[in-house]
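Containing TSV, C-alpha atoms and all ligand atoms: coords_25.tsv.
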chain	number	residue	atom	x	y	z
A	238	MET	CA	-19.27	-52.50	39.31
A	239	THR	CA	-20.48	-52.52	42.93
A	240	GLY	CA	-20.16	-49.09	44.46
A	241	ALA	CA	-19.31	-47.28	41.25
A	242	VAL	CA	-21.41	-44.52	39.79
A	243	ARG	CA	-22.92	-45.85	36.58
A	244	GLU	CA	-22.50	-42.67	34.54
A	245	GLY	CA	-19.50	-42.20	32.32
A	246	ARG	CA	-17.41	-40.14	34.72
A	247	GLY	CA	-17.24	-39.23	38.37
A	248	ARG	CA	-18.18	-36.02	40.14
A	249	LEU	CA	-16.00	-33.41	41.83
A	250	LEU	CA	-17.69	-31.85	44.85
A	251	VAL	CA	-16.17	-29.16	47.06
A	252	LEU	CA	-16.98	-27.96	50.59
A	253	GLU	CA	-16.06	-24.35	51.22
A	254	GLY	CA	-16.46	-21.55	53.74
A	255	GLY	CA	-14.49	-19.66	56.36
A	256	GLU	CA	-12.78	-20.94	59.49
A	257	GLY	CA	-14.90	-23.09	61.80
A	258	VAL	CA	-18.10	-23.18	59.72
A	259	GLY	CA	-18.08	-26.99	59.81
A	260	LYS	CA	-16.50	-28.00	56.49
A	261	THR	CA	-14.46	-30.90	57.82
A	262	THR	CA	-17.38	-32.10	59.94
A	263	GLN	CA	-19.64	-32.16	56.88
A	264	TRP	CA	-16.90	-33.55	54.63
A	265	GLU	CA	-16.84	-36.63	56.88
A	266	ARG	CA	-20.63	-36.87	57.21
A	267	VAL	CA	-21.56	-36.20	53.57
A	268	GLY	CA	-18.82	-38.61	52.48
A	269	ALA	CA	-20.22	-41.28	54.78
A	270	ALA	CA	-23.77	-40.68	53.51
A	271	LEU	CA	-22.71	-40.96	49.86
A	272	ARG	CA	-20.78	-44.13	50.67
A	273	ALA	CA	-23.86	-45.55	52.38
A	274	ASP	CA	-25.71	-44.83	49.12
A	275	GLY	CA	-23.21	-47.12	47.43
A	276	HIS	CA	-20.96	-44.51	45.82
A	277	ASP	CA	-17.24	-44.92	45.44
A	278	VAL	CA	-16.23	-41.84	47.48
A	279	VAL	CA	-12.74	-40.38	47.56
A	280	ALA	CA	-12.52	-37.73	50.30
A	281	VAL	CA	-9.46	-35.47	50.29
A	282	ARG	CA	-8.56	-32.22	51.96
A	283	GLU	CA	-6.67	-29.16	50.86
A	284	PRO	CA	-3.93	-28.30	51.29
A	285	GLY	CA	-2.62	-31.87	51.35
A	286	GLY	CA	-4.25	-35.14	50.36
A	287	THR	CA	-0.99	-36.56	48.97
A	288	ALA	CA	2.34	-37.34	50.62
A	289	ALA	CA	3.99	-34.28	49.05
A	290	GLY	CA	0.91	-32.14	49.64
A	291	ASP	CA	0.77	-33.05	53.33
A	292	ARG	CA	4.31	-31.72	53.74
A	293	VAL	CA	3.28	-28.50	52.01
A	294	ARG	CA	0.24	-28.36	54.32
A	295	ALA	CA	2.41	-28.54	57.42
A	296	LEU	CA	4.40	-25.54	56.19
A	297	LEU	CA	1.31	-23.56	55.19
A	298	LEU	CA	-0.46	-24.02	58.53
A	299	ASP	CA	2.64	-23.62	60.74
A	300	PRO	CA	2.11	-20.50	62.92
A	301	GLU	CA	5.91	-19.99	62.93
A	302	ALA	CA	6.26	-19.97	59.12
A	303	ALA	CA	6.94	-16.53	57.59
A	304	LEU	CA	5.52	-16.65	54.07
A	305	ALA	CA	5.08	-13.86	51.52
A	306	PRO	CA	1.49	-13.90	50.19
A	307	GLU	CA	2.77	-14.89	46.74
A	308	ALA	CA	4.80	-17.78	48.18
A	309	GLU	CA	1.73	-18.89	50.12
A	310	ALA	CA	-0.41	-18.83	46.95
A	311	LEU	CA	2.18	-20.84	45.00
A	312	LEU	CA	2.48	-23.43	47.78
A	313	PHE	CA	-1.29	-23.92	47.85
A	314	ALA	CA	-1.19	-24.28	44.06
A	315	ALA	CA	1.67	-26.80	44.28
A	316	SER	CA	-0.31	-28.93	46.71
A	317	ARG	CA	-3.34	-28.69	44.40
A	318	ALA	CA	-1.33	-29.58	41.29
A	319	GLN	CA	-0.14	-32.78	42.97
A	320	LEU	CA	-3.60	-33.65	44.34
A	321	VAL	CA	-5.29	-33.22	40.95
A	322	ARG	CA	-2.80	-35.43	39.14
A	323	GLU	CA	-2.20	-38.07	41.80
A	324	VAL	CA	-5.70	-38.46	43.25
A	325	VAL	CA	-8.54	-36.48	41.69
A	326	ARG	CA	-8.10	-37.21	37.97
A	327	PRO	CA	-7.63	-40.99	38.43
A	328	ALA	CA	-10.64	-41.16	40.79
A	329	LEU	CA	-12.88	-39.24	38.40
A	330	ALA	CA	-11.73	-41.43	35.52
A	331	ARG	CA	-12.98	-44.54	37.29
A	332	GLY	CA	-16.31	-42.86	38.10
A	333	ALA	CA	-15.79	-41.99	41.77
A	334	VAL	CA	-17.35	-39.10	43.66
A	335	VAL	CA	-14.45	-36.94	44.84
A	336	LEU	CA	-15.26	-34.79	47.86
A	337	VAL	CA	-12.73	-32.06	48.64
A	338	ASP	CA	-12.46	-30.03	51.85
A	339	ARG	CA	-11.54	-26.65	50.26
A	340	PHE	CA	-10.45	-26.01	46.65
A	341	LEU	CA	-10.12	-23.12	44.21
A	342	LEU	CA	-12.70	-20.83	45.83
A	343	SER	CA	-10.68	-20.80	49.06
A	344	THR	CA	-7.72	-19.50	47.06
A	345	TYR	CA	-9.78	-16.60	45.75
A	346	ALA	CA	-11.19	-15.87	49.23
A	347	TYR	CA	-7.98	-16.21	51.30
A	348	GLN	CA	-5.12	-15.32	48.96
A	349	GLY	CA	-7.28	-12.96	46.87
A	350	ALA	CA	-9.67	-11.09	49.19
A	351	GLY	CA	-7.70	-11.92	52.36
A	352	ARG	CA	-4.11	-11.31	51.26
A	353	GLY	CA	-4.78	-8.95	48.35
A	354	ILE	CA	-3.29	-10.94	45.46
A	355	PRO	CA	-5.09	-9.96	42.22
A	356	VAL	CA	-7.50	-12.65	41.05
A	357	PRO	CA	-6.04	-12.74	37.48
A	358	ALA	CA	-2.71	-13.88	38.97
A	359	LEU	CA	-4.42	-16.52	41.10
A	360	ARG	CA	-6.44	-17.65	38.09
A	361	ALA	CA	-3.27	-18.09	36.00
A	362	ILE	CA	-1.41	-20.03	38.70
A	363	ASN	CA	-4.39	-22.26	39.33
A	364	ALA	CA	-5.12	-22.98	35.69
A	365	VAL	CA	-1.83	-24.89	35.84
A	366	ALA	CA	-2.66	-26.44	39.24
A	367	THR	CA	-6.16	-27.68	38.36
A	368	ASP	CA	-5.22	-28.62	34.79
A	369	GLY	CA	-8.56	-27.16	33.73
A	370	LEU	CA	-10.59	-29.36	36.09
A	371	VAL	CA	-13.83	-27.61	37.15
A	372	PRO	CA	-15.84	-28.77	40.20
A	373	ASP	CA	-19.34	-30.06	39.45
A	374	ARG	CA	-20.59	-28.26	42.57
A	375	THR	CA	-19.11	-26.17	45.36
A	376	LEU	CA	-21.11	-25.86	48.58
A	377	VAL	CA	-20.31	-22.78	50.66
A	378	LEU	CA	-21.26	-23.31	54.31
A	379	ARG	CA	-22.66	-20.06	55.68
A	380	LEU	CA	-22.51	-19.08	59.34
A	381	PRO	CA	-22.28	-15.60	60.91
A	382	LEU	CA	-18.58	-14.85	61.45
A	383	PRO	CA	-18.63	-14.58	65.29
A	384	HIS	CA	-20.44	-17.91	65.53
A	385	ALA	CA	-17.95	-19.59	63.17
A	386	LEU	CA	-14.93	-18.18	65.02
A	387	ASP	CA	-16.45	-19.37	68.31
A	388	ARG	CA	-16.70	-22.89	66.86
A	389	ALA	CA	-13.09	-22.71	65.63
A	390	ARG	CA	-11.85	-21.36	68.98
A	391	ALA	CA	-13.77	-23.97	70.96
A	392	ARG	CA	-11.92	-26.61	68.92
A	393	GLY	CA	-8.58	-24.98	69.93
A	394	GLY	CA	-5.09	-25.01	68.39
A	395	ALA	CA	-5.24	-21.94	66.11
A	396	ASP	CA	-3.20	-22.40	62.89
A	397	ARG	CA	-1.51	-19.69	60.78
A	398	MET	CA	-4.76	-18.69	59.03
A	399	GLU	CA	-6.88	-18.73	62.17
A	400	ARG	CA	-4.47	-16.26	63.80
A	401	GLU	CA	-5.36	-13.57	61.27
A	402	ASP	CA	-7.37	-10.61	62.55
A	403	LEU	CA	-11.10	-10.12	62.30
A	404	ALA	CA	-10.83	-7.79	59.27
A	405	PHE	CA	-9.03	-10.57	57.36
A	406	HIS	CA	-11.76	-13.08	58.17
A	407	ALA	CA	-14.45	-10.53	57.27
A	408	ARG	CA	-12.85	-10.04	53.81
A	409	VAL	CA	-12.73	-13.81	53.34
A	410	GLU	CA	-16.37	-14.17	54.36
A	411	ALA	CA	-17.41	-11.35	51.99
A	412	ALA	CA	-15.62	-13.13	49.14
A	413	PHE	CA	-17.49	-16.37	49.84
A	414	ALA	CA	-20.77	-14.43	49.93
A	415	GLU	CA	-19.99	-12.76	46.59
A	416	ALA	CA	-19.31	-16.13	44.97
A	417	LEU	CA	-22.96	-17.07	45.53
A	418	HIS	CA	-24.10	-14.48	42.96
A	419	PRO	CA	-24.80	-15.77	39.44
A	420	ALA	CA	-22.90	-12.80	37.92
A	421	TRP	CA	-19.78	-13.73	39.90
A	422	GLN	CA	-20.06	-17.36	38.83
A	423	ALA	CA	-20.49	-16.34	35.18
A	424	ALA	CA	-17.28	-14.31	35.45
A	425	HIS	CA	-15.40	-17.19	37.12
A	426	PRO	CA	-16.27	-20.30	35.08
A	427	GLU	CA	-13.18	-22.09	36.40
A	428	VAL	CA	-14.88	-22.33	39.83
A	429	GLY	CA	-18.05	-23.98	38.50
A	430	PRO	CA	-21.51	-23.72	40.11
A	431	VAL	CA	-21.58	-22.52	43.73
A	432	THR	CA	-24.46	-23.03	46.20
A	433	GLY	CA	-24.77	-21.58	49.71
A	434	VAL	CA	-25.80	-23.88	52.56
A	435	ASP	CA	-27.00	-22.64	55.95
A	436	ALA	CA	-24.46	-24.10	58.42
A	437	SER	CA	-26.39	-23.24	61.60
A	438	GLY	CA	-28.09	-25.89	63.70
A	439	THR	CA	-26.98	-29.41	64.50
A	440	PRO	CA	-24.50	-31.35	62.35
A	441	ASP	CA	-27.40	-33.60	61.26
A	442	GLU	CA	-29.42	-30.62	60.07
A	443	VAL	CA	-26.48	-29.26	58.09
A	444	THR	CA	-25.78	-32.67	56.54
A	445	ALA	CA	-29.41	-32.88	55.39
A	446	ARG	CA	-29.11	-29.43	53.79
A	447	CYS	CA	-25.87	-30.41	52.05
A	448	ARG	CA	-27.47	-33.54	50.67
A	449	ARG	CA	-30.45	-31.57	49.36
A	450	ALA	CA	-28.04	-29.14	47.70
A	451	LEU	CA	-26.37	-32.09	45.94
A	452	GLU	CA	-29.60	-33.58	44.58
A	453	GLY	CA	-29.27	-33.82	40.83
A	454	VAL	CA	-25.49	-33.30	41.03
A	455	VAL	CA	-24.49	-36.76	42.19
A	456	PRO	CA	-26.01	-39.41	39.93
A	457	VAL	CA	-28.34	-41.89	41.57
A	458	ASN	CA	-26.46	-45.12	42.13
A	459	VAL	CA	-28.30	-47.69	40.06
A	460	ASP	CA	-26.55	-50.67	41.70
A	461	ALA	CA	-27.38	-49.49	45.21
A	462	MET	CA	-31.03	-48.85	44.26
A	463	ALA	CA	-31.30	-52.32	42.79
A	464	ALA	CA	-29.72	-53.85	45.90
A	465	GLY	CA	-32.14	-51.85	48.11
A	466	ALA	CA	-35.16	-53.00	46.05
A	467	ALA	CA	-33.97	-56.60	46.20
A	468	SER	CA	-33.56	-56.50	49.98
A	469	ARG	CA	-37.06	-54.99	50.39
A	470	ALA	CA	-38.66	-57.62	48.12
B	1	LIG	N1	-23.38	-28.02	63.30
B	1	LIG	C1	-22.48	-27.87	64.31
B	1	LIG	N2	-22.89	-27.50	65.53
B	1	LIG	C2	-22.00	-27.33	66.54
B	1	LIG	N3	-20.68	-27.53	66.43
B	1	LIG	C3	-20.22	-27.90	65.23
B	1	LIG	C4	-21.08	-28.08	64.11
B	1	LIG	N4	-20.33	-28.43	63.04
B	1	LIG	C5	-19.06	-28.46	63.48
B	1	LIG	N5	-18.99	-28.15	64.80
B	1	LIG	C6	-17.77	-28.06	65.61
B	1	LIG	O1	-17.16	-26.80	65.30
B	1	LIG	C7	-15.74	-26.94	65.20
B	1	LIG	C8	-15.30	-26.54	63.80
B	1	LIG	O2	-15.83	-27.48	62.87
B	1	LIG	P1	-14.94	-27.96	61.65
B	1	LIG	O3	-13.57	-28.31	62.08
B	1	LIG	O4	-15.73	-29.00	60.92
B	1	LIG	O5	-14.91	-26.63	60.79
B	1	LIG	P2	-14.03	-26.27	59.52
B	1	LIG	O6	-14.90	-25.44	58.66
B	1	LIG	O7	-13.47	-27.51	58.93
B	1	LIG	O8	-12.88	-25.39	60.16
B	1	LIG	P3	-11.44	-25.01	59.50
B	1	LIG	O9	-11.70	-23.96	58.48
B	1	LIG	O10	-10.66	-24.47	60.65
B	1	LIG	O11	-10.87	-26.27	58.93
B	1	LIG	C9	-15.43	-28.40	65.54
B	1	LIG	O12	-15.09	-28.47	66.90
B	1	LIG	C10	-16.74	-29.12	65.26
B	1	LIG	O13	-16.91	-30.27	66.05
B	2	MG	MG	-11.53	-28.07	58.53
Show how you would write the structure in this file as structure tokens.
Ligand SMILES: Nc1ncnc2c1ncn2[C@@H]1O[C@H](COP(=O)(O)OP(=O)(O)OP(=O)(O)O)[C@@H](O)[C@H]1O
Ligand SMILES: [Mg+2]
Amino acid sequence: MTGAVREGRGRLLVLEGGEGVGKTTQWERVGAALRADGHDVVAVREPGGTAAGDRVRALLLDPEAALAPEAEALLFAASRAQLVREVVRPALARGAVVLVDRFLLSTYAYQGAGRGIPVPALRAINAVATDGLVPDRTLVLRLPLPHALDRARARGGADRMEREDLAFHARVEAAFAEALHPAWQAAHPEVGPVTGVDASGTPDEVTARCRRALEGVVPVNVDAMAAGAASRA
């Protein structure tokens, strides 16, 4: 049982937010912290996370790819459908903590608010993709847009999404902000509970905030606590 969460099933956690806010940075750090706590952590990113999904990802992020918004939405959903069945469901069944870099909320923000596809259509497509799986918690990293785009630009290599104009990114950011409201969450139960996390400051500071936001969401690992107590005795 070493490393497994002792409760009956695993947890699905999602990191969200616009370009350059630090999702992937925190995905690595929060994953490492949960692993150090003794959890069985499966960290995957969207789009991708499977062999088929990684090929879809390459197409979706290719600056040269001409994609109709609807084709884009269906490709993201195809990648998600594969990820849920191949990776997420089996990991949750064995009690793992699954940490995803982007999930359903990104679809609503980018293909919905960004590209203008009606949310009911996205909801229908993604009900098939997620197979009804609802995240236990989605953390939205919040950073003023110019600051986030500076971080993304400093990293270099703009992909197809990052090449969109400022108005597009502002619509995406507004959608993430709206998802923090309880009324929005009540109207979108398929997204599950959403919490905002201040993404300013050092990576360490942001990791600490993420971990606080996950208190009570990830079960305490009984094995790891016992091992810790034994080593202190
Ligand atoms: N707290 C931080 N302070 C300063 N720089 C940071 C911080 N967090 C991340 N960065 C840097 O900012 C850049 C963007 O971070 P990261 O790739 O994690 O963002 P992202 O949200 O995953 O972006 P994308 O949406 O493009 O995938 C990287 O170069 C990263 O090293
Ligand atoms: Mg990233």
Exercise. Find the residues near ligand LIG 1 (chain B). Use a cut-off of 7 Å, count all atoms listed in the file, and write them as a VMD selection string.
Key: chain A and resid 254 to 263 388 to 389 391 to 392 436 to 440 443
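Checking A:Gly429, A:Ala305, A:Pro381, A:Gly275 one by one against His406 of chain A, counting only C-alpha atoms, you find the shortest gap at A:Pro381.
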Quiz item: Can you tell me how far atom CA of Ala295 of chain A sits from atom CA of Arg272 of chain A, in Å to one decimal?
Solution: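 Here the two named atoms are 28.7 Å from each other.
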Centre, edges in Å (one decimal): axis-aligned box, segment 298-303 of chain A, 3 Å padding on all six sides, as lines of an AutoDock Vina configuration file:
center_x = 3.2
center_y = -20.3
center_z = 60.3
size_x = 13.4
size_y = 13.5
size_z = 11.3
Quiz item: So which residues are close to (-6.3, -35.7, 40.7), meaning at most 10 Å away in the file's coordinates with all atoms listed in the file counted, and can you show them as a ChimeraX atom specification?
Solution: /A:286-287,317-330,335,367-368,370
Quiz item: Using all atoms listed in the file, which of A:His384, A:Arg374, A:Arg449, A:Arg397 sits nearest Thr432 of chain A?
Solution: A:Arg374
Self-check item: From A:Arg400, A:Arg352, A:Arg390, A:Arg248, residue lying nearest Leu451 of chain A [all atoms listed in the file]
Solution: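 Closest residue, counting all atoms listed in the file: A:Arg248.
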Quiz prompt | Nearest candidate to Arg339 of chain A (options A:His418, A:Arg282, A:Arg408, A:Arg360; using only C-alpha atoms) | solution = A:Arg282
Quiz item: Please, what distance in Å, to one decimal, runs between atom CA of Trp264 of chain A and atom CA of Phe405 of chain A?
Solution: 24.4 Å
Quiz item: Looking at only C-alpha atoms, which of A:Pro383, A:Gly268, A:Pro284, A:Pro372 is the one that sits closest to Val454 of chain A?
Solution: A:Pro372
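For the pair atom CA of Val281 of chain A and atom CA of Glu415 of chain A, the interatomic distance is 25.3 Å.
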I'd like the neighbourhood of Val377 of chain A as a PDB file with C-alpha atoms, keeping the file's coordinate frame, where a residue qualifies if any of its atoms comes within 6 Å (using all atoms listed in the file), though same-chain residues fewer than 3 positions away should be ignored.
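The resulting file, part18.pdb, is shown below:
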ATOM      1  CA  GLU A 253     -16.060 -24.350  51.220  1.00  0.00           C
ATOM      2  CA  GLY A 254     -16.460 -21.550  53.740  1.00  0.00           C
ATOM      3  CA  GLY A 433     -24.770 -21.580  49.710  1.00  0.00           C
ATOM      4  CA  VAL A 434     -25.800 -23.880  52.560  1.00  0.00           C
TER       5      VAL A 434
END
